Amino acid sequence: MRWYQISAEETAKKTGSDPQKGLASKEVTQRLKRDGRNEWKEEKSASQLALFLGQFKDFMVLVLLAATVISGILGEYIDSIAILLIVFLNALIGFFQERNAEKSLSKLKELNAPMARVLRDGQWSRVSSAELVMGDIVSLTAGDRVPADLRLIAVTSLETEESALTGESLPVAKMTEPLNKEQLGPQDQVNIAFMSSLVTRGNGTGIVIGTGSNTAVGQIAELLIDTKRKQTPLEKRLEKLGKVLIVIALLLTALTVLAGVYRGNPLYDMLLAGVSLAVAVIPEGLPAIVTVALSLGVQRMIKQKAIVRRLSAVETLGSATVICSDKTGTLTENQMTVKEIFLGGNSYTVTGSGYDPSGGFYRDEKESNDKALIRFLRYGVLASHAKMIHKKKRWLIDGDPTEGALVVAGKKAGLDADKLTDYEFVHEVPFDSKRKRMTVLIRTPEGKLVAITKGAPDVLIDKAVYEEVGTDKKPLASKDKKMLYEAVDQMAAKALRTIAVCIREFPAGYEPKEEELEQNMTFIGLNGLIDPPRQEAKNAIIDCRKAGIKTVMITGDHVKTAAAIAKMLHILPAGGKVVEGKDLDRMSDEELRAEVDSMYVFARVTPEHKLRIVQALQHVGHIVAMTGDGVNDAPAIKASDIGISMGITGTDVAKEASGLVLMDDNFATIKAAIKEGRTIYSNIRKFVRYLLASNVGEILVMLFAMILALPMPLVPIQILWVNLVTDGLPAIALGMDKAEDEVMKQKPRHPNEGIFARGLGTKIVTRGILIGSVTIIAFMLMYQGDPDNLIYAQTTAFTTLVMAQLIHVFDCRSEKSVFARNPLGNIWLIGAVLISMILLLAVIYITPLQPIFHTTDILLRDWLLIMGLSAVPTVLFGFIKK
């Protein structure tokens with residue numbers, strides 16, 4: 001049912017309501033049973049136990065659990081306990097991060113007005129908004145939050161603020177007449193008051209036409225339930241890595257066992273060797289180290305005024321290829337500002353931004369405060385009810401944002417509304433959407449009455465009879481009206497919203513009738529207002545483009561305003577397409593996907609449109625970041641690869657649906673977050689390279705020994721010690737490495753790029769081969785075929801492996817060469833390497849630990865051999881590729 005198309009009388013008939021008496025209590029009870037309470041469906045949330053158990057679904061975790069089972073079967077209980085501890089710790093971290101992540105609908109419900117004034121049985125009373133039913137007659141007044149979708153049947157200067165629902169930056173003037181148009185979006189249905197919108201001015205009465213999930217905002221709740229969060233690129237890559245590792249572990253284990261048994265070796269020995277290989281393949285500490293690295297990144301991002309709600313979202317932002325941004329409050333100040341004035345044939349530029357009263361007036365590039373300008377500004381202040389408030393070092397407006405802009409402009413000229421007390425308010429003809437104007441009657445200090453009218457220029461220019469030029473008043477001829485319309489068009493081309501001001505003066509002692517106030521008016525001038533773009537957002541958009549990231553504006557605002565703002569912000573390039581919501585309705589999903597890369601601005605869009613745009617971009621291969629602050633942004637935020645909400649102006653719904661919250665509502669913070677995200681992913685690649693190169697070395701040591709019919713150079717507990725302890729601290733320190741110089745000059749990674757791309761796999765294998773080779777050489781030099789030398793040879797191999805890895809970690813800091821970065825540039829890494837060396841010496845030389853780790857004291861002369869061999873992999877490749 002298109003309620004906006006039918007009259008108030010038809011609405012009452014179709015809803016079975018009586019506008020004079022309301023519904024009967026008995027009828028309310030029946031409808032409540034039939035339709036349910038005025039609430040939304042809740043998304044079923046997982047239990048605490050299910051959320052915790054869900055942490056064990058990751059492939060890497062399954063690999064570790066499999067190793068635990070095998071080690072337990074073979075009686076290697078120390079190995080099993082150590083692996084279980086790592087798995088459990090990682091699961092706890094993930095559980096606490098995600099426990100409060102999905103609260104979108106409960107927060108959405110908080111927007112519901114708790115009480116509503118309703119007419120029932122002929123009596124007005126206040127009831128819980130949850131008890132409203134179809135057909136209830138509801139009264140609204142300034143300050144109320146609309147409790148349900150209402151078809152308005154009576155209004156007096158009623159305006160509602162709907163930016164959280166529609167993205168509109170200004171309050172919407174409401175009316176009661178039917179609208180004979182097809183397919184109107186919520187922002188154009190001016191005879192309907194939408195649930196959760198705020199009444200900013202006037203009062204009115206409406207019939208309930210939608211409750212709960214049948215309201216416009218309720219439909220968004222349904223979208224939020226149906227929208228599933230996508231896996232992030234990092235989650236996909238780690239899952240793929242886990243699958244590769246489990247296949248390798250199973251193949252190597254099976255091959256080792258079968259080959260050994262075939263050669264006549266005891267089954268138990270071969271199973272133990274197989275488990276040793278499996279443990280060598282699995283980087284047990286990787287999941288925990290990834291989590292720690294992301295957590296450290298989160299702490300750094302808090303300093304950049306960005307709060308991360310999901311750890312994996314940090315890395316995702318670094319791979320974003322498109323940022324879809326809401327306009328109002330995100331790219332703009334969400335504070336209407338007078339930027340231009342046309343007065344007496346002259347144009348004045350107004351400096352300053354937002355509600356801050358600092359700024360001035362310039363005519364022909366010279367500062368000007370002439371009498372005509374002051375007089376014009378005074379009229380604007382006297383005809384406005386908005387008040388300026390200074391709170392927490394910020395200027396705010398209490399009242400209509402447009403009137404607030406006029407009051408701020410007056411303040412810039414020293415016209416403080418509170419000090420104009422010698423001007424007496426006499427009467428007001430309130431704003432009406434049909435008349436498109438409002439008038440106040442003021443008594444001047446001299447006793448004269450002045451009617452000040454402000455409103456739409458097309459109306460006031462036509463009604464004006466005279467024009468004020470300087471201190472003179474002259475008849476407004478056709479050519480003068482044409483000039484005024486040209487001034488309006490020039491302002492509109494700059495995305496300025498125009499407000500005209502006219503006056504009519506009456507002699508002292510004369511009491512005019514209301515209809516006389518807007519007759520024989522004198523046209524004074526034009527105000528050009530805009531919700532100004534943020535300068536820092538403009539700079540950030542330019543920097544993001546250099547980094548290969550496209551910015552797209554998605555807004556509920558008018559297409560001309562959106563396009564003009566997009567040009568100011570350098571979002572809309574030459575040839576870039578601007579698309580309206582009605583155009584999207586005519587496009588199939590396939591057509592949208594085919595053209596979405598050439599589209600830069602989407603105007604007059606609904607929440608469903610925003611969702612389609614995000615999904616179309618994802619379908620053609622983009623990693624999409626979606627920013628916003630309103631209820632209308634929440635479904636698209638949740639569906640995007642990385643949702644970003646505003647911390648100050650953002651609704652709780654948008655925040656809960658997002659993965660990242662900007663504490664300062666500053667688009668520029670996104671750029672800093674992208675840099676951090678790229679750095680984090682780079683650091684993850686560094687320690688994956690470090691850990692897996694070490695594991696490749698361990699695997700090859702074991703394989704070389706079997707091929708050469710040697711005893712096992714390393715026992716499982718030694719391998720586990722290396723993987724969990726010796727490798728762990730340096731890997732975490734790599735996660736704290738500073739960004740490389742060119743991190744924001746590179747294009748975003750391809751969405752399908754594997755974690756081993758750009759030569760990382762080659763580096764892992766080649767370094768791993770050399771680490772394994774020097775380790776087996778050290779073992780063979782010390783073993784020399786004598787079983788009595790086995791423990792000493794194993795200790796030497798163990799020490800060589802650890803030292804080779806600790807030297808190799810410095811090579812992992814750069815994609816180029818170990819010599820490309822200052823080795824002392826990461827103090828945390830220096831500390832981690834020193835601690836790992838101390839722990840190594842402890843398990844070698846502390847007597848009680850030697851039986852546990854199968855070690856013995858190493859002679860001083862053999863340390864020279866160990867250090868020489870250990871340096872070979874890093875130094876050799878450092879010279880091969882700088």
# chains A, B, ... in the order shown; residues from 1 in each chain; ligands from 1
>>> residues_around(residues="Lys14 in chain A", least_positions_apart="2", cutoff="12 Å", atoms="only C-alpha atoms", output="JSON, numbers by chain")
{"A": [1, 2, 3, 6, 7, 8, 9, 10, 11, 12, 16, 17, 18, 134, 135, 151, 207, 208, 209]}
>>> residues_around(residues="Pro445 in chain A", least_positions_apart="6", cutoff="10 Å", atoms="only C-alpha atoms", output="PyMOL selection string")
chain A and resi 420-424
>>> atom_distance(atom1="CA of Glu403 in chain A", atom2="CA of Lys387 in chain A")
8.8 Å
>>> select_by_dssp(residues="range 171-386 of chain A", states="alpha helix (DSSP H)", output="PyMOL selection string")
chain A and resi 216-226+233-262+267-281+286-303+312-318+371-382
>>> closest_residue(among="A:Val217, A:Leu343, A:Leu592, A:Met491", to="Asp370 in chain A", atoms="only C-alpha atoms")
A:Leu343
>>> atom_distance(atom1="CA of Leu781 in chain A", atom2="CA of Gln805 in chain A")
19.8 Å
>>> residues_around(residues="Asp597 in chain A", least_positions_apart="2", cutoff="12 Å", atoms="only C-alpha atoms", output="JSON list (two decimals) with all heavy atoms, in the first residue's frame")
[["chain", "number", "residue", "atom", "x", "y", "z"],
["A", 321, "THR", "N", 40.03, -1.60, -1.75],
["A", 321, "THR", "CA", 40.20, -0.99, -3.07],
["A", 321, "THR", "C", 39.18, 0.11, -3.31],
["A", 321, "THR", "O", 39.38, 0.95, -4.18],
["A", 321, "THR", "CB", 40.07, -2.05, -4.18],
["A", 321, "THR", "OG1", 38.79, -2.68, -4.07],
["A", 321, "THR", "CG2", 41.15, -3.11, -4.07],
["A", 322, "VAL", "N", 38.07, 0.08, -2.56],
["A", 322, "VAL", "CA", 37.02, 1.09, -2.69],
["A", 322, "VAL", "C", 36.54, 1.49, -1.31],
["A", 322, "VAL", "O", 36.32, 0.63, -0.45],
["A", 322, "VAL", "CB", 35.81, 0.56, -3.51],
["A", 322, "VAL", "CG1", 34.67, 1.58, -3.51],
["A", 322, "VAL", "CG2", 36.22, 0.26, -4.94],
["A", 550, "LYS", "N", 39.78, 3.91, -4.62],
["A", 550, "LYS", "CA", 38.71, 4.74, -5.16],
["A", 550, "LYS", "C", 37.73, 5.10, -4.05],
["A", 550, "LYS", "O", 37.37, 4.25, -3.24],
["A", 550, "LYS", "CB", 37.98, 3.98, -6.27],
["A", 550, "LYS", "CG", 36.74, 4.66, -6.83],
["A", 550, "LYS", "CD", 36.06, 3.76, -7.85],
["A", 550, "LYS", "CE", 34.76, 4.36, -8.37],
["A", 550, "LYS", "NZ", 34.07, 3.46, -9.33],
["A", 551, "THR", "N", 37.30, 6.37, -4.02],
["A", 551, "THR", "CA", 36.29, 6.81, -3.07],
["A", 551, "THR", "C", 34.97, 7.04, -3.81],
["A", 551, "THR", "O", 34.95, 7.70, -4.84],
["A", 551, "THR", "CB", 36.71, 8.11, -2.35],
["A", 551, "THR", "OG1", 37.96, 7.89, -1.69],
["A", 551, "THR", "CG2", 35.66, 8.51, -1.32],
["A", 552, "VAL", "N", 33.90, 6.46, -3.28],
["A", 552, "VAL", "CA", 32.56, 6.59, -3.87],
["A", 552, "VAL", "C", 31.65, 7.25, -2.84],
["A", 552, "VAL", "O", 31.66, 6.87, -1.66],
["A", 552, "VAL", "CB", 32.00, 5.21, -4.25],
["A", 552, "VAL", "CG1", 30.55, 5.31, -4.70],
["A", 552, "VAL", "CG2", 32.84, 4.57, -5.35],
["A", 575, "GLY", "N", 34.14, 12.62, -16.57],
["A", 575, "GLY", "CA", 33.60, 11.40, -17.15],
["A", 575, "GLY", "C", 33.02, 10.43, -16.14],
["A", 575, "GLY", "O", 32.40, 9.42, -16.51],
["A", 576, "GLY", "N", 33.22, 10.71, -14.85],
["A", 576, "GLY", "CA", 32.65, 9.85, -13.81],
["A", 576, "GLY", "C", 31.13, 9.98, -13.77],
["A", 576, "GLY", "O", 30.59, 11.07, -13.98],
["A", 577, "LYS", "N", 30.44, 8.90, -13.49],
["A", 577, "LYS", "CA", 28.98, 8.89, -13.54],
["A", 577, "LYS", "C", 28.36, 9.23, -12.19],
["A", 577, "LYS", "O", 28.86, 8.81, -11.14],
["A", 577, "LYS", "CB", 28.47, 7.53, -14.01],
["A", 577, "LYS", "CG", 28.80, 7.22, -15.46],
["A", 577, "LYS", "CD", 28.21, 5.87, -15.89],
["A", 577, "LYS", "CE", 28.55, 5.58, -17.35],
["A", 577, "LYS", "NZ", 28.02, 4.26, -17.77],
["A", 578, "VAL", "N", 27.27, 9.99, -12.25],
["A", 578, "VAL", "CA", 26.45, 10.30, -11.08],
["A", 578, "VAL", "C", 25.11, 9.59, -11.29],
["A", 578, "VAL", "O", 24.44, 9.81, -12.31],
["A", 578, "VAL", "CB", 26.23, 11.81, -10.92],
["A", 578, "VAL", "CG1", 25.37, 12.10, -9.70],
["A", 578, "VAL", "CG2", 27.56, 12.53, -10.82],
["A", 591, "GLU", "N", 23.41, -5.39, -14.93],
["A", 591, "GLU", "CA", 23.71, -4.08, -15.51],
["A", 591, "GLU", "C", 24.49, -3.21, -14.54],
["A", 591, "GLU", "O", 25.43, -2.50, -14.92],
["A", 591, "GLU", "CB", 22.40, -3.37, -15.90],
["A", 591, "GLU", "CG", 21.70, -4.01, -17.10],
["A", 591, "GLU", "CD", 20.32, -3.43, -17.34],
["A", 591, "GLU", "OE1", 19.66, -3.01, -16.34],
["A", 591, "GLU", "OE2", 19.87, -3.40, -18.49],
["A", 592, "LEU", "N", 24.12, -3.28, -13.26],
["A", 592, "LEU", "CA", 24.83, -2.50, -12.24],
["A", 592, "LEU", "C", 26.28, -2.96, -12.13],
["A", 592, "LEU", "O", 27.20, -2.14, -12.06],
["A", 592, "LEU", "CB", 24.12, -2.63, -10.89],
["A", 592, "LEU", "CG", 24.77, -1.92, -9.70],
["A", 592, "LEU", "CD1", 24.91, -0.42, -9.97],
["A", 592, "LEU", "CD2", 23.96, -2.16, -8.43],
["A", 593, "ARG", "N", 26.50, -4.26, -12.13],
["A", 593, "ARG", "CA", 27.86, -4.79, -12.02],
["A", 593, "ARG", "C", 28.71, -4.37, -13.22],
["A", 593, "ARG", "O", 29.92, -4.11, -13.08],
["A", 593, "ARG", "CB", 27.83, -6.31, -11.92],
["A", 593, "ARG", "CG", 27.23, -6.83, -10.62],
["A", 593, "ARG", "CD", 26.91, -8.30, -10.71],
["A", 593, "ARG", "NE", 26.21, -8.79, -9.53],
["A", 593, "ARG", "CZ", 25.57, -9.95, -9.45],
["A", 593, "ARG", "NH1", 25.56, -10.76, -10.51],
["A", 593, "ARG", "NH2", 24.96, -10.31, -8.35],
["A", 594, "ALA", "N", 28.09, -4.31, -14.39],
["A", 594, "ALA", "CA", 28.82, -3.97, -15.61],
["A", 594, "ALA", "C", 29.29, -2.52, -15.59],
["A", 594, "ALA", "O", 30.32, -2.18, -16.20],
["A", 594, "ALA", "CB", 27.96, -4.23, -16.84],
["A", 595, "GLU", "N", 28.57, -1.63, -14.90],
["A", 595, "GLU", "CA", 28.87, -0.20, -14.95],
["A", 595, "GLU", "C", 29.38, 0.37, -13.63],
["A", 595, "GLU", "O", 29.77, 1.54, -13.57],
["A", 595, "GLU", "CB", 27.62, 0.58, -15.37],
["A", 595, "GLU", "CG", 27.14, 0.26, -16.77],
["A", 595, "GLU", "CD", 26.01, 1.19, -17.21],
["A", 595, "GLU", "OE1", 26.12, 2.40, -16.94],
["A", 595, "GLU", "OE2", 25.03, 0.69, -17.79],
["A", 599, "MET", "N", 31.02, 4.45, -11.86],
["A", 599, "MET", "CA", 30.11, 5.26, -11.04],
["A", 599, "MET", "C", 30.85, 5.77, -9.80],
["A", 599, "MET", "O", 31.52, 5.00, -9.12],
["A", 599, "MET", "CB", 28.89, 4.43, -10.63],
["A", 599, "MET", "CG", 28.06, 3.95, -11.81],
["A", 599, "MET", "SD", 26.75, 2.80, -11.30],
["A", 599, "MET", "CE", 25.90, 2.52, -12.85],
["A", 600, "TYR", "N", 30.69, 7.07, -9.51],
["A", 600, "TYR", "CA", 31.40, 7.67, -8.39],
["A", 600, "TYR", "C", 30.47, 8.32, -7.36],
["A", 600, "TYR", "O", 30.87, 8.49, -6.21],
["A", 600, "TYR", "CB", 32.39, 8.73, -8.90],
["A", 600, "TYR", "CG", 33.58, 8.15, -9.60],
["A", 600, "TYR", "CD1", 33.50, 7.76, -10.94],
["A", 600, "TYR", "CD2", 34.78, 7.96, -8.94],
["A", 600, "TYR", "CE1", 34.59, 7.20, -11.59],
["A", 600, "TYR", "CE2", 35.88, 7.41, -9.58],
["A", 600, "TYR", "CZ", 35.78, 7.03, -10.90],
["A", 600, "TYR", "OH", 36.87, 6.48, -11.54],
["A", 601, "VAL", "N", 29.26, 8.68, -7.78],
["A", 601, "VAL", "CA", 28.30, 9.32, -6.89],
["A", 601, "VAL", "C", 26.94, 8.65, -7.04],
["A", 601, "VAL", "O", 26.45, 8.49, -8.16],
["A", 601, "VAL", "CB", 28.17, 10.83, -7.19],
["A", 601, "VAL", "CG1", 27.13, 11.47, -6.26],
["A", 601, "VAL", "CG2", 29.51, 11.54, -7.03],
["A", 613, "ILE", "N", 24.76, -1.61, -4.04],
["A", 613, "ILE", "CA", 26.00, -1.00, -4.54],
["A", 613, "ILE", "C", 27.21, -1.73, -3.96],
["A", 613, "ILE", "O", 28.15, -2.08, -4.69],
["A", 613, "ILE", "CB", 26.04, 0.49, -4.19],
["A", 613, "ILE", "CG1", 24.94, 1.25, -4.94],
["A", 613, "ILE", "CG2", 27.40, 1.09, -4.53],
["A", 613, "ILE", "CD1", 24.63, 2.61, -4.35],
["A", 614, "VAL", "N", 27.18, -1.95, -2.65],
["A", 614, "VAL", "CA", 28.30, -2.65, -2.00],
["A", 614, "VAL", "C", 28.47, -4.04, -2.58],
["A", 614, "VAL", "O", 29.59, -4.48, -2.92],
["A", 614, "VAL", "CB", 28.07, -2.72, -0.47],
["A", 614, "VAL", "CG1", 29.06, -3.70, 0.17],
["A", 614, "VAL", "CG2", 28.22, -1.34, 0.16],
["A", 616, "ALA", "N", 27.48, -5.16, -5.51],
["A", 616, "ALA", "CA", 27.93, -5.10, -6.91],
["A", 616, "ALA", "C", 29.44, -4.88, -6.98],
["A", 616, "ALA", "O", 30.13, -5.52, -7.79],
["A", 616, "ALA", "CB", 27.19, -3.97, -7.64],
["A", 617, "LEU", "N", 29.96, -4.00, -6.15],
["A", 617, "LEU", "CA", 31.41, -3.76, -6.12],
["A", 617, "LEU", "C", 32.16, -5.01, -5.70],
["A", 617, "LEU", "O", 33.21, -5.35, -6.26],
["A", 617, "LEU", "CB", 31.72, -2.59, -5.17],
["A", 617, "LEU", "CG", 31.35, -1.20, -5.68],
["A", 617, "LEU", "CD1", 31.34, -0.19, -4.54],
["A", 617, "LEU", "CD2", 32.32, -0.74, -6.78],
["A", 618, "GLN", "N", 31.62, -5.72, -4.71],
["A", 618, "GLN", "CA", 32.27, -6.95, -4.26],
["A", 618, "GLN", "C", 32.25, -8.00, -5.36],
["A", 618, "GLN", "O", 33.21, -8.75, -5.54],
["A", 618, "GLN", "CB", 31.57, -7.47, -3.00],
["A", 618, "GLN", "CG", 31.82, -6.62, -1.77],
["A", 618, "GLN", "CD", 30.97, -7.04, -0.59],
["A", 618, "GLN", "OE1", 29.85, -7.52, -0.76],
["A", 618, "GLN", "NE2", 31.47, -6.84, 0.62],
["A", 619, "HIS", "N", 31.15, -8.05, -6.12],
["A", 619, "HIS", "CA", 31.00, -9.05, -7.17],
["A", 619, "HIS", "C", 32.04, -8.89, -8.26],
["A", 619, "HIS", "O", 32.47, -9.88, -8.87],
["A", 619, "HIS", "CB", 29.58, -8.98, -7.76],
["A", 619, "HIS", "CG", 29.26, -10.12, -8.68],
["A", 619, "HIS", "ND1", 29.52, -10.10, -10.04],
["A", 619, "HIS", "CD2", 28.72, -11.35, -8.43],
["A", 619, "HIS", "CE1", 29.15, -11.24, -10.59],
["A", 619, "HIS", "NE2", 28.65, -12.01, -9.64],
["A", 620, "VAL", "N", 32.44, -7.64, -8.54],
["A", 620, "VAL", "CA", 33.44, -7.42, -9.59],
["A", 620, "VAL", "C", 34.86, -7.44, -9.04],
["A", 620, "VAL", "O", 35.81, -7.07, -9.74],
["A", 620, "VAL", "CB", 33.18, -6.10, -10.36],
["A", 620, "VAL", "CG1", 31.85, -6.15, -11.07],
["A", 620, "VAL", "CG2", 33.26, -4.88, -9.43],
["A", 621, "GLY", "N", 35.00, -7.86, -7.78],
["A", 621, "GLY", "CA", 36.34, -8.13, -7.24],
["A", 621, "GLY", "C", 36.92, -7.11, -6.30],
["A", 621, "GLY", "O", 38.09, -7.21, -5.93],
["A", 622, "HIS", "N", 36.13, -6.12, -5.87],
["A", 622, "HIS", "CA", 36.66, -5.11, -4.97],
["A", 622, "HIS", "C", 36.58, -5.54, -3.51],
["A", 622, "HIS", "O", 35.67, -6.29, -3.12],
["A", 622, "HIS", "CB", 35.90, -3.79, -5.13],
["A", 622, "HIS", "CG", 36.21, -3.06, -6.39],
["A", 622, "HIS", "ND1", 37.44, -2.48, -6.63],
["A", 622, "HIS", "CD2", 35.47, -2.83, -7.51],
["A", 622, "HIS", "CE1", 37.43, -1.91, -7.83],
["A", 622, "HIS", "NE2", 36.25, -2.12, -8.38]]
>>> closest_residue(among="A:Gly735, A:Gln335, A:Leu65, A:Pro457", to="Phe88 in chain A", atoms="only C-alpha atoms")
A:Leu65
>>> closest_residue(among="A:Asp326, A:Leu860, A:Arg437, A:Pro186", to="Phe602 in chain A", atoms="only C-alpha atoms")
A:Asp326
